[in-house]
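Peer 1: The structure's right below; bear with me while I get my questions together.
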Protein chains: 2
Amino acid sequence: MERTQGSAETGEVDPAEAFAADVFSRACTSRGALEHVTGKWSLLALTALLDAPHRFGELRRRVDGVSEKMLSQSLQGLERDGWVHREVRSSIPPHVEYRLTPAGAELAPRLLALVTFVEDHMPEVHRAREDHDSRS
Amino acid sequence: MERTQGSAETGEVDPAEAFAADVFSRACTSRGALEHVTGKWSLLALTALLDAPHRFGELRRRVDGVSEKMLSQSLQGLERDGWVHREVRSSIPPHVEYRLTPAGAELAPRLLALVTFVEDHMPEVHRAREDHDSRS
DNA sequence: CAGTATCCTAAGAGATACTG
DNA sequence: CAGTATCTCTTAGGATACTG
């Protein structure tokens, strides 16, 4: 376990494995990063930040159903991976603003596109489900 | 709980809620469909099917680290939502092929683009993490 | 080969209460 | 306001064994 990738024996990277070597490899770090980004709440938080920076409470209200714990956890993960910037204004009451980093600003539109795509295809999805369930 | 969305009291859908009514709404079915698609193993299975149809065992080997149970479960979900088609050739030994449906063929490239984007940004992600962890 | 069935552990996730 | 802490419950997920 914990092998990096490719053929460790030869020290060479088989060109044919170049594709498979990344996300498809269990040890690849990009798989973890991808999961952080595509996580249930992270994905919604990122798209929610697309139009403008938002405060914690705003995000909490906007991402309907998220608990404080999960939102906090997701935002911390996104901040750690460099997709979101957290800015604290020390004041009373405290004011914390979350905004997309340049990298996050590139990522979020892709996520939104994905969201939109799935939304647009929901009629098909529902038809497929009914069709599938009726056969079972 | 289980309220549909918008303002159930008036029976009208506030235009201002039109945006929030979708994925950001807890009850929206697109949120569930989105999660199915962006799930850890589902996402990898879909992109693995992008080049050509594959058999169960091929997918299992290709998506490194997935268990039979999880792959089976993910494929069933994708089939139910109409992204993947499952074709059984009754023979001995059995031969089952998974291929993208037309809808799946539209979806998968978007997922691949997301995967590629994250892969390409891994150096930035790693730098962000080190930077973040050193401050803590 | 292509799964299902079973068992078990770890992680996800909600609710509530509390703090700087 | 913006979280953290804690507790509990559910689901995800892995391992192994078995079947059409």
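The chains in the structure tokens are called A, B, ... from first to last as shown; in each chain the residues are counted from 1, and the ligands are counted from 1 in the order shown.
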Kindly provide, as a ChimeraX atom specification, the residues of chain A having any atom no farther than 8 Å from an atom of chain B, counting only C-alpha atoms.

Peer 2: /A:20,22-26,30,33-35,38-40,44,62-65,80-82,107,110-111,114-115,117-119,122,124-126,128-129,132-133

Peer 1: Using DSSP on the backbone coordinates, identify the residues of range 57-129 of chain A assigned to helix (DSSP H, G or I); present them as a VMD selection string.

Peer 2: chain A and resid 57 to 62 68 to 80 102 to 120 122 to 129

Peer 1: Near DA13 in chain C, counting only C-alpha atoms (C1' of nucleotides), which residues have an atom at most 10 Å away, once you skip same-chain residues fewer than 5 positions from it, shown as a PyMOL selection string?

Peer 2: (chain A and resi 66-67+69-70) or (chain D and resi 9-11)

Peer 1: Which of range 33-127 of chain B counts as strand (DSSP E or B) under DSSP, as a list in words please?

Peer 2: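 Reading the DSSP output for range 33-127 of chain B, strand (DSSP E or B) covers His54, Arg55, Val84, His85, Arg86, Glu87, Val88, Arg89, His95, Val96, Glu97, Tyr98, Arg99 and Leu100 of chain B.
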
Peer 1: Please identify every residue of chain C that has at least one atom no more than 10 Å from any atom of chain A, counting only C-alpha atoms (C1' of nucleotides), and report them as a CSV table (one decimal) with N, CA, C and O atoms (P, O5', C5', C4', C3', O3' and C1' of nucleotides), in the first residue's frame.

Peer 2:
chain,number,residue,atom,x,y,z
C,12,DG,P,-15.9,12.0,6.3
C,12,DG,O5',-17.4,11.9,6.3
C,12,DG,C5',-18.1,11.1,5.3
C,12,DG,C4',-19.6,11.3,5.5
C,12,DG,C3',-20.1,12.7,5.6
C,12,DG,O3',-21.3,12.8,4.8
C,12,DG,C1',-20.7,11.6,7.6
C,13,DA,P,-22.0,14.2,4.4
C,13,DA,O5',-22.9,14.5,5.6
C,13,DA,C5',-24.0,13.5,5.9
C,13,DA,C4',-24.7,13.8,7.2
C,13,DA,C3',-25.0,15.3,7.4
C,13,DA,O3',-26.4,15.5,7.5
C,13,DA,C1',-24.2,14.3,9.4
C,14,DG,P,-27.0,17.0,7.5
C,14,DG,O5',-27.7,17.0,8.8
C,14,DG,C5',-28.8,16.1,9.1
C,14,DG,C4',-29.2,16.1,10.5
C,14,DG,C3',-29.6,17.4,11.1
C,14,DG,O3',-30.8,17.3,11.8
C,14,DG,C1',-27.9,16.4,12.5
C,15,DA,P,-31.6,18.6,12.3
C,15,DA,O5',-31.2,18.5,13.9
C,15,DA,C5',-31.3,17.3,14.6
C,15,DA,C4',-31.1,17.6,16.1
C,15,DA,C3',-31.5,18.9,16.5
C,15,DA,O3',-32.3,18.8,17.7
C,15,DA,C1',-29.2,18.6,17.0
C,20,DG,P,-14.4,31.7,26.1
C,20,DG,O5',-13.9,32.6,25.0
C,20,DG,C5',-13.1,32.2,23.9
C,20,DG,C4',-13.2,33.2,22.8
C,20,DG,C3',-12.8,34.6,23.2
C,20,DG,O3',-12.1,35.3,22.2
C,20,DG,C1',-15.0,34.6,22.3

Peer 1: Find the residues of chain D in contact range of chain A, meaning any atom within 12 Å when counting only C-alpha atoms (C1' of nucleotides), and list them as an mmCIF file with N, CA and C atoms (P, O5', C5', C4', C3', O3' and C1' of nucleotides), in the first residue's frame.

Peer 2:
data_model
loop_
_atom_site.group_PDB
_atom_site.id
_atom_site.type_symbol
_atom_site.label_atom_id
_atom_site.label_comp_id
_atom_site.auth_asym_id
_atom_site.auth_seq_id
_atom_site.Cartn_x
_atom_site.Cartn_y
_atom_site.Cartn_z
ATOM 1 P P DC D 1 -26.847 37.558 13.927
ATOM 2 O "O5'" DC D 1 -25.271 37.660 14.115
ATOM 3 C "C5'" DC D 1 -24.591 38.743 13.501
ATOM 4 C "C4'" DC D 1 -23.131 38.370 13.427
ATOM 5 C "C3'" DC D 1 -22.872 37.112 12.611
ATOM 6 O "O3'" DC D 1 -21.735 37.372 11.786
ATOM 7 C "C1'" DC D 1 -22.050 36.817 14.834
ATOM 8 P P DA D 2 -21.318 36.347 10.629
ATOM 9 O "O5'" DA D 2 -20.372 35.308 11.386
ATOM 10 C "C5'" DA D 2 -19.134 35.768 11.909
ATOM 11 C "C4'" DA D 2 -18.456 34.651 12.647
ATOM 12 C "C3'" DA D 2 -18.430 33.312 11.895
ATOM 13 O "O3'" DA D 2 -17.140 32.729 12.001
ATOM 14 C "C1'" DA D 2 -19.313 33.003 14.025
ATOM 15 P P DG D 3 -16.692 31.618 10.917
ATOM 16 O "O5'" DG D 3 -17.618 30.373 11.297
ATOM 17 C "C5'" DG D 3 -17.002 29.262 11.872
ATOM 18 C "C4'" DG D 3 -16.898 29.434 13.395
ATOM 19 C "C3'" DG D 3 -16.622 28.147 14.118
ATOM 20 O "O3'" DG D 3 -15.228 27.944 14.209
ATOM 21 C "C1'" DG D 3 -18.174 29.554 15.289
ATOM 22 P P DT D 4 -14.713 26.468 14.189
ATOM 23 O "O5'" DT D 4 -14.851 26.002 15.703
ATOM 24 C "C5'" DT D 4 -14.094 26.661 16.728
ATOM 25 C "C4'" DT D 4 -14.519 26.084 18.073
ATOM 26 C "C3'" DT D 4 -14.288 24.572 18.200
ATOM 27 O "O3'" DT D 4 -13.696 24.325 19.474
ATOM 28 C "C1'" DT D 4 -16.549 25.087 18.654
ATOM 29 P P DA D 5 -13.200 22.878 19.847
ATOM 30 O "O5'" DA D 5 -14.419 22.282 20.672
ATOM 31 C "C5'" DA D 5 -15.037 23.048 21.705
ATOM 32 C "C4'" DA D 5 -15.971 22.156 22.514
ATOM 33 C "C3'" DA D 5 -15.630 20.664 22.500
ATOM 34 O "O3'" DA D 5 -15.890 20.126 23.800
ATOM 35 C "C1'" DA D 5 -17.792 20.996 21.569
ATOM 36 P P DT D 6 -15.413 18.641 24.144
ATOM 37 O "O5'" DT D 6 -16.822 17.891 24.037
ATOM 38 C "C5'" DT D 6 -17.956 18.456 24.713
ATOM 39 C "C4'" DT D 6 -19.226 17.711 24.332
ATOM 40 C "C3'" DT D 6 -19.063 16.188 24.174
ATOM 41 O "O3'" DT D 6 -20.031 15.562 24.994
ATOM 42 C "C1'" DT D 6 -20.284 17.092 22.380
#

Peer 1: Would you work out the distance separating CA of Glu58 in chain A from CA of Arg86 in chain A, expressed in Å to one decimal?

Peer 2: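 Distance reported for this atom pair: 14.1 Å.
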